[in-house]
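One file, data_2.txt, carrying compact mmCIF, C-alpha atoms:
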```txt
# COMPACT_ATOMS: atom_id res chain seq x y z
CA MET A 1 149.59 48.55 36.77
CA ALA A 2 146.16 47.51 35.63
CA PRO A 3 144.92 49.13 32.40
CA GLN A 4 141.87 51.43 32.66
CA HIS A 5 140.08 49.99 29.65
CA ARG A 6 137.02 48.59 31.42
CA ARG A 7 134.01 50.90 31.31
CA ALA A 8 130.73 50.88 33.24
CA LYS A 9 127.67 50.41 31.01
CA VAL A 10 126.35 53.86 31.84
CA ARG A 11 129.32 55.42 30.04
CA ARG A 12 128.74 53.63 26.74
CA LEU A 13 125.80 55.88 25.84
CA THR A 14 127.76 59.01 26.58
CA LEU A 15 130.66 57.73 24.50
CA GLY A 16 128.34 57.43 21.54
CA ALA A 17 126.94 60.90 22.06
CA ALA A 18 130.37 62.44 22.39
CA ALA A 19 131.62 60.58 19.33
CA VAL A 20 128.63 61.76 17.25
CA ALA A 21 129.12 65.36 18.35
CA ALA A 22 132.85 65.27 17.69
CA SER A 23 132.37 63.55 14.34
CA ALA A 24 129.91 66.20 13.25
CA ALA A 25 132.38 68.92 14.08
CA LEU A 26 135.24 67.14 12.35
CA ALA A 27 133.15 66.43 9.27
CA SER A 28 132.89 70.15 8.62
CA GLY A 29 136.59 70.11 7.68
CA LEU A 30 137.29 73.19 9.76
CA VAL A 31 138.88 72.00 12.94
CA ALA A 32 142.43 71.01 13.50
CA GLU A 33 142.83 69.61 16.97
CA VAL A 34 140.52 68.24 19.62
CA GLY A 35 141.27 69.01 23.25
CA VAL A 36 139.54 69.00 26.58
CA ALA A 37 139.01 72.42 28.11
CA GLN A 38 139.35 72.95 31.85
CA ALA A 39 136.67 71.03 33.74
CA ALA A 40 136.23 68.47 36.47
CA GLU A 41 138.12 65.22 35.90
CA PRO A 42 136.11 61.98 35.90
CA ARG A 43 136.83 59.83 38.90
CA ALA A 44 139.99 57.84 38.37
CA PRO A 45 140.47 54.33 39.74
CA ALA A 46 142.92 53.47 42.44
CA PRO A 47 145.65 51.00 41.41
CA THR A 48 145.20 47.38 42.42
CA PRO A 49 148.62 45.72 42.60
CA VAL A 50 148.49 42.03 43.43
CA THR A 51 151.19 42.20 46.06
CA PRO A 52 152.51 45.19 48.04
CA ALA A 53 155.85 45.00 46.27
CA ALA A 54 154.38 44.72 42.78
CA THR A 55 154.70 47.81 40.58
CA PRO A 56 151.31 48.92 39.20
CA SER A 57 150.61 49.17 35.48
CA ALA A 58 149.72 52.46 33.92
CA LEU A 59 146.04 51.75 33.52
CA ALA A 60 143.75 50.59 36.31
CA PRO A 61 140.19 49.31 35.71
CA ALA A 62 137.76 52.22 35.56
CA ALA A 63 135.42 52.63 38.51
CA LEU A 64 132.40 54.85 39.01
CA ALA A 65 132.81 54.94 42.77
CA GLN A 66 135.37 57.11 44.49
CA PRO A 67 138.50 55.29 45.68
CA PRO A 68 138.18 54.18 49.30
CA VAL A 69 141.19 56.24 50.44
CA PRO A 70 140.34 59.96 50.54
CA ALA A 71 143.88 60.93 49.49
CA ALA A 72 143.39 59.08 46.21
CA THR A 73 140.38 61.17 45.18
CA PRO A 74 141.30 63.21 42.09
CA SER A 75 140.59 66.89 41.77
CA ALA A 76 139.82 68.87 38.66
CA LEU A 77 142.08 68.53 35.63
CA THR A 78 144.28 71.21 37.10
CA PRO A 79 144.29 70.74 40.89
CA PRO A 80 143.30 73.96 42.69
CA ALA A 81 146.42 73.78 44.85
CA VAL A 82 148.52 73.89 41.71
CA ALA A 83 146.39 76.17 39.57
CA GLN A 84 146.37 78.89 42.22
CA ALA A 85 150.09 78.68 42.97
CA PRO A 86 152.46 81.23 41.41
CA ALA A 87 153.74 80.14 38.01
CA PRO A 88 157.48 79.47 37.97
CA THR A 89 159.78 81.50 35.77
CA PRO A 90 160.75 79.57 32.62
CA ALA A 91 164.33 78.34 32.51
CA THR A 92 166.57 80.30 30.18
CA THR A 93 170.05 78.93 30.88
CA ALA A 94 171.50 77.21 27.82
CA ALA A 95 172.80 73.70 28.26
CA ALA A 96 175.68 73.46 25.85
CA GLY A 97 175.27 70.55 23.46
CA GLU A 98 172.46 68.99 25.45
CA GLY A 99 168.76 68.82 24.75
CA ILE A 100 166.11 67.64 27.12
CA PRO A 101 165.39 63.90 26.85
CA ALA A 102 161.97 63.23 25.35
CA PHE A 103 159.29 63.00 28.01
CA GLY A 104 155.57 62.64 28.22
CA VAL A 105 152.81 61.78 30.63
CA PHE A 106 150.13 59.11 30.65
CA LEU A 107 146.78 60.91 30.84
CA LYS A 108 144.35 58.31 29.42
CA SER A 109 144.64 55.41 27.02
CA ASP A 110 141.99 56.54 24.53
CA ALA A 111 141.49 59.78 22.60
CA ARG A 112 141.12 61.72 25.83
CA GLY A 113 144.79 61.10 26.52
CA VAL A 114 145.67 62.92 23.31
CA ALA A 115 143.17 65.70 24.00
CA ARG A 116 144.63 66.44 27.43
CA MET A 117 148.26 66.72 26.35
CA PRO A 118 148.00 70.38 25.16
CA LEU A 119 146.48 71.31 28.53
CA PHE A 120 149.29 69.59 30.40
CA SER A 121 151.84 71.44 28.26
CA HIS A 122 150.04 74.71 28.98
CA TRP A 123 150.25 73.95 32.71
CA LEU A 124 154.01 73.52 32.25
CA GLY A 125 154.36 76.96 30.69
CA GLY A 126 154.48 75.65 27.13
CA THR A 127 156.97 72.85 27.71
CA GLU A 128 156.22 70.38 24.94
CA LEU A 129 155.36 66.74 25.49
CA ARG A 130 157.29 64.87 22.82
CA VAL A 131 156.13 61.41 23.92
CA GLY A 132 152.62 60.05 23.53
CA HIS A 133 152.10 56.89 25.59
CA THR A 134 149.16 54.52 25.47
CA TYR A 135 148.27 50.87 26.06
CA LEU A 136 146.45 48.34 23.92
CA PRO A 137 143.67 46.59 25.82
CA GLY A 138 144.38 42.96 26.59
CA HIS A 139 140.90 41.48 26.78
CA GLY A 140 140.99 39.63 23.47
CA TRP A 141 143.20 39.16 20.43
CA ARG A 142 141.24 41.76 18.46
CA ASP A 143 142.33 44.34 21.04
CA ILE A 144 145.96 43.30 20.74
CA GLU A 145 145.79 43.53 16.95
CA GLY A 146 145.17 47.27 17.42
CA ALA A 147 141.79 48.51 16.25
CA ALA A 148 142.13 51.48 13.89
CA ASP A 149 139.58 53.53 15.84
CA PHE A 150 141.85 53.19 18.86
CA LEU A 151 145.20 53.83 17.20
CA ASP A 152 144.35 56.47 14.59
CA VAL A 153 144.13 59.43 16.98
CA TRP A 154 147.54 58.54 18.44
CA ALA A 155 149.02 58.14 14.96
CA HIS A 156 147.63 61.52 13.96
CA TRP A 157 149.24 63.16 17.01
CA ARG A 158 152.58 61.46 16.32
CA ASN A 159 152.66 62.54 12.69
CA LYS A 160 151.98 66.23 13.32
CA LYS A 161 155.65 66.75 14.30
CA SER A 162 158.70 64.82 13.18
CA ASP A 163 160.40 64.79 16.60
CA ARG A 164 157.50 63.15 18.43
CA MET A 165 157.58 59.59 19.70
CA LEU A 166 154.70 57.14 20.08
CA VAL A 167 155.11 54.56 22.84
CA LEU A 168 152.68 51.65 22.75
CA ASN A 169 152.39 48.98 25.44
CA VAL A 170 151.42 45.68 23.82
CA PRO A 171 150.21 42.64 25.79
CA MET A 172 151.59 39.27 24.76
CA GLN A 173 148.43 37.35 25.69
CA GLU A 174 144.69 37.93 25.70
CA ARG A 175 142.80 37.84 29.05
CA ASN A 176 145.84 39.70 30.26
CA GLU A 177 144.47 40.70 33.67
CA GLU A 178 142.03 37.90 34.39
CA GLY A 179 143.96 35.99 37.03
CA VAL A 180 145.05 33.15 34.76
CA SER A 181 146.83 30.40 36.71
CA ASP A 182 150.56 29.70 36.46
CA ASP A 183 149.85 26.34 34.83
CA GLU A 184 147.77 27.92 32.09
CA VAL A 185 150.26 30.77 31.63
CA ARG A 186 153.00 28.18 31.17
CA GLN A 187 151.01 26.45 28.45
CA LEU A 188 150.18 29.73 26.73
CA LEU A 189 153.83 30.77 26.72
CA ARG A 190 154.81 27.49 25.13
CA ARG A 191 152.10 27.82 22.50
CA GLY A 192 153.33 31.32 21.75
CA ALA A 193 156.93 30.11 21.53
CA ALA A 194 155.77 27.56 18.96
CA GLY A 195 154.31 30.32 16.76
CA GLU A 196 150.59 29.85 17.40
CA PHE A 197 149.92 33.56 17.96
CA ASP A 198 152.29 35.08 15.38
CA HIS A 199 149.51 36.23 13.05
CA HIS A 200 147.99 38.59 15.64
CA PHE A 201 151.24 40.52 15.93
CA ARG A 202 151.66 40.62 12.17
CA VAL A 203 148.25 42.30 11.93
CA LEU A 204 149.29 44.86 14.55
CA ALA A 205 152.55 45.62 12.75
CA GLU A 206 150.77 46.04 9.42
CA ARG A 207 148.25 48.43 10.97
CA LEU A 208 150.94 50.58 12.54
CA VAL A 209 152.80 50.81 9.23
CA LYS A 210 149.57 51.66 7.41
CA LEU A 211 148.89 54.44 9.95
CA ASN A 212 152.36 55.84 9.16
CA VAL A 213 153.77 55.16 12.61
CA PRO A 214 156.32 52.47 11.70
CA ASP A 215 158.81 53.85 14.24
CA THR A 216 156.57 53.20 17.25
CA VAL A 217 158.35 52.11 20.43
CA ILE A 218 156.74 48.80 21.41
CA VAL A 219 156.77 48.08 25.16
CA LEU A 220 156.10 44.38 24.77
CA GLY A 221 154.97 42.25 27.72
CA TRP A 222 155.76 44.92 30.31
CA GLU A 223 156.34 44.08 34.00
CA MET A 224 156.90 40.46 33.07
CA ASN A 225 158.76 39.86 36.34
CA GLY A 226 155.58 40.34 38.38
CA THR A 227 152.49 38.28 39.09
CA THR A 228 149.70 40.40 37.57
CA TYR A 229 149.69 39.70 33.86
CA THR A 230 148.98 36.65 31.73
CA HIS A 231 152.15 37.59 29.82
CA ARG A 232 154.29 37.16 32.95
CA CYS A 233 157.60 35.38 32.67
CA GLY A 234 157.83 33.49 35.97
CA PRO A 235 156.03 30.24 35.10
CA ASP A 236 158.48 29.48 32.25
CA PRO A 237 161.25 32.04 31.54
CA GLU A 238 162.72 30.05 28.67
CA ALA A 239 159.39 29.82 26.85
CA TRP A 240 158.77 33.50 27.55
CA LYS A 241 162.04 34.50 25.92
CA LYS A 242 161.38 32.33 22.86
CA TYR A 243 157.89 33.81 22.57
CA TRP A 244 159.22 37.39 22.80
CA ASN A 245 161.75 36.61 20.06
CA ARG A 246 159.02 35.18 17.81
CA ILE A 247 156.87 38.28 18.24
CA VAL A 248 159.75 40.61 17.45
CA ALA A 249 160.78 38.57 14.41
CA THR A 250 157.18 38.55 13.18
CA MET A 251 156.70 42.31 13.54
CA ARG A 252 160.08 43.09 12.02
CA SER A 253 159.20 41.00 8.96
CA VAL A 254 156.52 43.50 7.91
CA PRO A 255 157.75 45.77 5.09
CA GLY A 256 158.28 49.39 6.09
CA GLN A 257 158.55 48.79 9.83
CA LYS A 258 161.11 50.63 11.99
CA PHE A 259 159.90 49.47 15.40
CA ARG A 260 161.99 49.66 18.55
CA PHE A 261 161.25 47.02 21.18
CA ASP A 262 161.43 48.05 24.82
CA PHE A 263 162.03 45.34 27.45
CA THR A 264 160.48 46.84 30.61
CA PRO A 265 160.33 45.01 33.97
CA SER A 266 159.13 46.55 37.21
CA ARG A 267 161.84 47.79 39.57
CA GLY A 268 163.24 45.21 42.01
CA GLN A 269 163.05 41.46 42.00
CA ASP A 270 159.27 41.17 42.29
CA ALA A 271 158.25 37.56 41.56
CA VAL A 272 161.37 36.65 39.57
CA PRO A 273 164.64 38.49 38.83
CA TRP A 274 163.98 40.34 35.60
CA THR A 275 167.40 39.46 34.21
CA LYS A 276 166.18 35.84 33.91
CA CYS A 277 163.60 37.05 31.39
CA TYR A 278 165.95 39.08 29.18
CA PRO A 279 165.50 37.66 25.65
CA GLY A 280 168.79 38.83 24.15
CA ASP A 281 170.40 41.85 22.54
CA ASP A 282 169.27 40.96 19.02
CA THR A 283 165.60 41.51 19.80
CA VAL A 284 165.80 44.28 22.43
CA ASP A 285 166.38 47.90 21.41
CA VAL A 286 165.66 49.66 24.72
CA ILE A 287 165.85 48.43 28.33
CA GLY A 288 163.14 50.14 30.35
CA MET A 289 161.95 50.05 33.93
CA ASP A 290 158.61 50.85 35.57
CA SER A 291 159.55 52.49 38.86
CA TYR A 292 157.11 53.87 41.43
CA ASP A 293 157.76 55.28 44.91
CA GLN A 294 157.22 52.03 46.80
CA PRO A 295 157.17 50.01 48.99
CA ASN A 296 156.13 51.99 52.03
CA GLY A 297 159.12 53.47 53.85
CA MET A 298 161.69 52.76 51.14
CA SER A 299 163.94 55.77 50.48
CA PHE A 300 165.10 56.76 47.03
CA ASP A 301 168.64 55.64 47.90
CA GLN A 302 167.26 52.20 48.68
CA GLN A 303 165.38 52.16 45.38
CA VAL A 304 168.68 52.84 43.67
CA LYS A 305 170.69 50.21 45.55
CA GLU A 306 168.19 47.35 45.97
CA PRO A 307 168.77 44.15 43.97
CA TYR A 308 167.49 44.69 40.42
CA GLY A 309 166.83 48.34 41.28
CA LEU A 310 167.59 51.60 39.52
CA GLN A 311 171.38 51.24 39.54
CA HIS A 312 171.26 47.63 38.38
CA HIS A 313 169.00 48.73 35.53
CA VAL A 314 171.43 51.44 34.37
CA ASP A 315 174.43 49.14 34.67
CA PHE A 316 172.72 46.26 32.88
CA ALA A 317 171.70 48.48 29.96
CA LYS A 318 175.20 49.92 29.67
CA ALA A 319 176.73 46.44 29.65
CA HIS A 320 174.40 45.47 26.79
CA GLY A 321 174.88 48.70 24.85
CA LYS A 322 171.23 49.73 25.09
CA PRO A 323 169.51 53.01 25.95
CA ILE A 324 167.27 53.07 29.01
CA SER A 325 163.69 54.28 29.45
CA TYR A 326 161.10 54.80 32.17
CA PRO A 327 157.71 54.09 30.57
CA GLU A 328 155.96 54.32 33.96
CA TRP A 329 157.00 56.20 37.07
CA GLY A 330 155.35 58.24 39.77
CA LEU A 331 154.31 58.52 43.40
CA PHE A 332 152.70 55.64 45.24
CA ARG A 333 153.09 54.08 48.68
CA ASN A 334 154.83 57.03 50.33
CA GLY A 335 152.21 59.63 49.50
CA ASP A 336 152.99 63.19 48.51
CA ASN A 337 156.78 62.86 48.45
CA PRO A 338 158.55 65.82 46.81
CA GLU A 339 161.94 64.36 47.75
CA TYR A 340 161.19 61.30 45.60
CA MET A 341 160.02 63.57 42.79
CA ARG A 342 163.16 65.71 43.00
CA ARG A 343 165.49 62.70 43.11
CA MET A 344 163.76 60.85 40.27
CA LEU A 345 163.87 63.91 38.00
CA ALA A 346 167.55 64.43 38.86
CA TRP A 347 168.23 60.74 38.19
CA MET A 348 166.76 61.03 34.71
CA ASP A 349 168.64 64.24 34.01
CA GLU A 350 171.84 62.40 34.90
CA TYR A 351 171.26 59.13 33.03
CA ARG A 352 169.43 60.55 30.00
CA PRO A 353 166.81 57.90 29.18
CA LEU A 354 165.54 57.68 25.64
CA TYR A 355 162.19 58.80 27.08
CA ASN A 356 160.16 58.83 30.28
CA THR A 357 156.43 59.07 30.91
CA LEU A 358 154.92 59.96 34.26
CA THR A 359 151.72 58.11 35.22
CA ASP A 360 149.29 60.93 35.95
CA TYR A 361 146.30 59.69 37.93
CA CYS A 362 145.84 59.18 41.65
CA PRO A 363 147.79 58.17 43.61
CA HIS A 364 150.74 58.55 41.21
CA GLY A 365 150.21 61.85 39.43
CA VAL A 366 150.79 65.58 39.72
CA TRP A 367 148.15 67.18 37.46
CA GLN A 368 145.00 65.06 37.44
CA CYS A 369 145.49 64.17 41.11
CA GLY A 370 145.05 66.82 43.80
CA ALA A 371 146.43 64.60 46.55
CA ASN A 372 150.08 65.47 45.83
CA PRO A 373 150.39 69.29 45.91
CA LYS A 374 154.01 69.43 47.08
CA SER A 375 155.23 66.94 44.50
CA SER A 376 153.11 68.67 41.86
CA HIS A 377 154.77 72.00 42.60
CA LEU A 378 158.21 70.41 42.46
CA TYR A 379 157.51 68.68 39.12
CA ARG A 380 156.02 71.81 37.59
CA SER A 381 158.79 74.09 38.85
CA THR A 382 161.46 71.79 37.43
CA LEU A 383 159.95 71.41 33.97
CA PHE A 384 158.21 74.77 33.57
CA GLY A 385 159.07 76.47 30.30
CA ARG A 386 161.84 74.09 29.35
CA THR A 387 162.96 73.77 25.74
CA ASP A 388 165.58 71.71 23.95
CA GLN A 389 168.05 74.53 24.62
CA ALA A 390 167.18 75.04 28.29
CA ALA A 391 168.67 73.48 31.39
CA PRO A 392 166.48 72.62 34.40
CA PRO A 393 166.10 75.51 36.85
CA LEU A 394 167.85 74.69 40.10
CA THR A 395 165.97 77.33 42.10
CA PRO A 396 162.77 78.37 40.33
CA THR A 397 161.80 82.00 40.94
CA PRO A 398 158.06 82.45 41.58
CA LYS A 399 156.23 84.94 39.41
CA PRO A 400 152.84 86.09 40.69
CA THR A 401 149.88 85.24 38.52
CA PRO A 402 146.19 85.77 39.18
CA PRO A 403 144.59 82.87 41.02
CA GLY A 404 142.14 80.73 39.14
CA THR A 405 141.92 77.78 36.82
CA THR A 406 144.17 77.18 33.84
CA PRO A 407 142.57 78.51 30.62
CA PRO A 408 142.24 76.35 27.51
CA PRO A 409 144.99 76.62 24.88
CA ALA A 410 145.00 79.65 22.62
CA ASP A 411 142.72 79.53 19.56
CA CYS A 412 140.84 76.64 21.09
CA THR A 413 137.06 76.95 21.06
CA PRO A 414 135.08 74.84 23.58
CA LEU A 415 132.16 72.95 22.03
CA ASP A 416 129.03 72.89 24.19
CA LEU A 417 127.95 69.22 24.35
CA GLY A 418 125.98 69.44 27.58
CA SER A 419 127.09 68.73 31.12
CA TRP A 420 126.46 64.97 30.99
CA VAL A 421 128.73 64.49 27.95
CA GLU A 422 131.37 66.82 29.39
CA GLU A 423 131.41 64.80 32.62
CA TRP A 424 132.28 61.69 30.62
CA LEU A 425 134.91 63.50 28.55
CA GLY A 426 136.49 65.12 31.58
CA GLY A 427 135.79 68.64 30.28
CA LYS A 428 134.51 70.56 27.29
CA LEU A 429 135.52 69.32 23.87
CA CYS A 430 137.94 71.92 22.63
CA LEU A 431 138.39 72.50 18.89
CA ARG A 432 141.20 74.25 17.03
CA PHE A 433 140.50 75.69 13.58
CA ASP A 434 143.91 75.05 12.01
CA TRP A 435 143.85 71.28 11.46
CA TRP A 436 143.62 71.01 7.72
```
I need this file expressed as structure tokens, please.
Amino acid sequence: MAPQHRRAKVRRLTLGAAAVAASAALASGLVAEVGVAQAAEPRAPAPTPVTPAATPSALAPAALAQPPVPAATPSALTPPAVAQAPAPTPATTAAAGEGIPAFGVFLKSDARGVARMPLFSHWLGGTELRVGHTYLPGHGWRDIEGAADFLDVWAHWRNKKSDRMLVLNVPMQERNEEGVSDDEVRQLLRRGAAGEFDHHFRVLAERLVKLNVPDTVIVLGWEMNGTTYTHRCGPDPEAWKKYWNRIVATMRSVPGQKFRFDFTPSRGQDAVPWTKCYPGDDTVDVIGMDSYDQPNGMSFDQQVKEPYGLQHHVDFAKAHGKPISYPEWGLFRNGDNPEYMRRMLAWMDEYRPLYNTLTDYCPHGVWQCGANPKSSHLYRSTLFGRTDQAAPPLTPTPKPTPPGTTPPPADCTPLDLGSWVEEWLGGKLCLRFDWW
């Protein structure tokens, strides 16, 4: 999937205004948490996979125009079809000896992603998101080194509770989505394998340790088996593996680090079988998979059984003694597909990944995208009110609630910044007064 880091010039002014307003509030030393209160969601971009079979990345380039397909047009932060539906009854059945695997949802790569997580949890009846997932931009090496003003809000969220997990996708090359040719990618991989870019990853590791998130899960060079990214494996798998190993060795050499490195291809063969890119058990801690409901017409059973599909992923990880993960998953080519949603949730309940994060923007999502009401209801019903001691409800019992939009979290005071700033933020800036 293509990261949503590009911004239209018109939004830069509003970013500054929002930042000034937020900074002024924070400087008072009174507030504890910034959120986005219920409001209309800024228009989200449609994914732009290079080939129909290619799995999209979790961030697509931002666009001011509405997506060309009407079904991909997002609704408000809480889609009316979901907000007005009866709230499910929270699950109360104890699952002996079993907690719920850590899960999260990708809501935005910058601070807005953190701000929206409490609202998503509220929509789920208080079910907590234990995973925060974001992506470093891949435009230049300074992005990949991890600017503090990008990472600090995620580090702050992670450190508020000991059982939270920060998942960070890290590109292996700059110009990561600029259509670099296979010949140039091959040369870049060889330069990386020779150690030319080690210092950039050392800087990133040092910054993460300094921010007190040394246990970050690093999804390094994700979807390397595809054709989209400059960090793709296909032009030279041997150089790619050597380069991965150099990066891991470099980041692990930083004092205080406890990183876990997640090797995450896209589901299926794509441009090259992902097993050809596997760099070895010594430098891989988790074996992930980005898996969307595609291509068109493919059933979930086929997604399980296809070469290099879901079953191959589980079996490969077991053979190598590694936990699995699903850093990106969601709806896609087959539209609003509650059967896919049900089967994917059941799959993860069965195979217990270390974590999973749903991609939540159109056409993939269930909360920021109003195009998938049936799947949204299924997802919400399954996860509503779950705790570490609760099993998933097999038949959720509806409980009538007044129709309307989802309110902001308790003790959260919206800050009036004006409609033009709120449009950029995706809602009112919401402040809690228990931070310090």
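Reported to one decimal place, the separation of CA of Gly195 in chain A from CA of Asp143 in chain A is 18.9 Å.
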When distances are computed from all atoms listed in the file, which of A:Met341, A:Leu189, A:Leu204, A:Leu107 shows the smallest separation from Glu238 in chain A?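 When distances to Glu238 in chain A are compared using all atoms listed in the file, the smallest one comes from A:Leu189.
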Spatial neighbours of range 146-157 of chain A, 7 Å, all atoms listed in the file, chain gap at least 6 places, as a PyMOL selection string: chain A and resi 110-111+114+136+204+211+213
Selected residue of minimal separation from Leu188 in chain A among A:Trp141, A:His200, A:Trp240, A:Ile218, counting only C-alpha atoms: A:Trp240
Leu358 in chain A surroundings by only C-alpha atoms, 8 Å radius, close-in-sequence under 5 positions cut, as an MDAnalysis selection string: chainID A and resid 104:106 327:330 365
Of the candidates A:Lys241, A:His312, A:Arg112, A:Lys305, which shows the shortest atom-to-atom distance to Asp281 in chain A, using all atoms listed in the file? A:Lys241
Rounded to one decimal in Å, what is the spacing between CA of Ser291 in chain A and CA of Gln303 in chain A?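 If I compute the distance from CA of Ser291 in chain A to CA of Gln303 in chain A, I get 8.8 Å.
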Rounded to one decimal, what separation in Å do you get between CA of Val254 in chain A and CA of Ser162 in chain A?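 Separation between CA of Val254 in chain A and CA of Ser162 in chain A: 22.1 Å.
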Please list, as a ChimeraX atom specification, the residues that have an atom at most 10 Å away from (162.2, 36.2, 29.2) in the coordinates of this file, counting all atoms listed in the file. /A:221,224-225,232-234,236-245,263,274-280
Identify which of the residues A:Asp262, A:Asp270, A:Glu196, A:Glu223 lies closest to Val284 in chain A, counting all atoms listed in the file when measuring atom-to-atom distances.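 Ranking A:Asp262, A:Asp270, A:Glu196, A:Glu223 by distance to Val284 in chain A, first place goes to A:Asp262.
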Counting all atoms listed in the file, I want the residues whose atoms come within 9 Å of (154.8, 62.1, 19.9) in the file frame, returned as a list in words. Gly104, Leu129, Arg130, Val131, Gly132, His133, Trp154, Ala155, Trp157, Arg158, Asn159, Lys160, Lys161, Ser162, Asp163, Arg164, Met165, Leu166 and Val167 of chain A
Using all atoms listed in the file, find each residue in range 231-333 of chain A having at least one atom no more than 8 Å away from range 343-353 of chain A; report its shortest atom-to-atom pair and that distance in Å (one decimal), rows by chain then rising number, as a tab-separated table.
```
residue	atom	partner	partner_atom	distance
A:Phe300	CA	A:Arg343	CA	7.1
A:Val314	CA	A:Tyr351	CA	7.8
A:Pro323	CA	A:Pro353	CA	6.5
A:Ile324	CA	A:Pro353	CA	4.9
A:Ser325	CA	A:Pro353	CA	4.8
A:Tyr326	CA	A:Pro353	CA	7.2
```
Save the residues we just selected, C-alpha atoms, as a PDB file, in the frame of the given file?
```
ATOM      1  CA  PHE A 300     165.100  56.760  47.030  1.00  0.00           C
ATOM      2  CA  VAL A 314     171.430  51.440  34.370  1.00  0.00           C
ATOM      3  CA  PRO A 323     169.510  53.010  25.950  1.00  0.00           C
ATOM      4  CA  ILE A 324     167.270  53.070  29.010  1.00  0.00           C
ATOM      5  CA  SER A 325     163.690  54.280  29.450  1.00  0.00           C
ATOM      6  CA  TYR A 326     161.100  54.800  32.170  1.00  0.00           C
TER       7      TYR A 326
END
```
Of A:Phe197, A:Tyr379, A:Ala319, A:Tyr361, the one nearest to Arg342 in chain A when counting only C-alpha atoms is A:Tyr379
From the options A:Phe261, A:Tyr229, A:Trp367, A:Trp222, which residue's atoms come nearest to His122 in chain A, counting all atoms listed in the file? A:Trp367
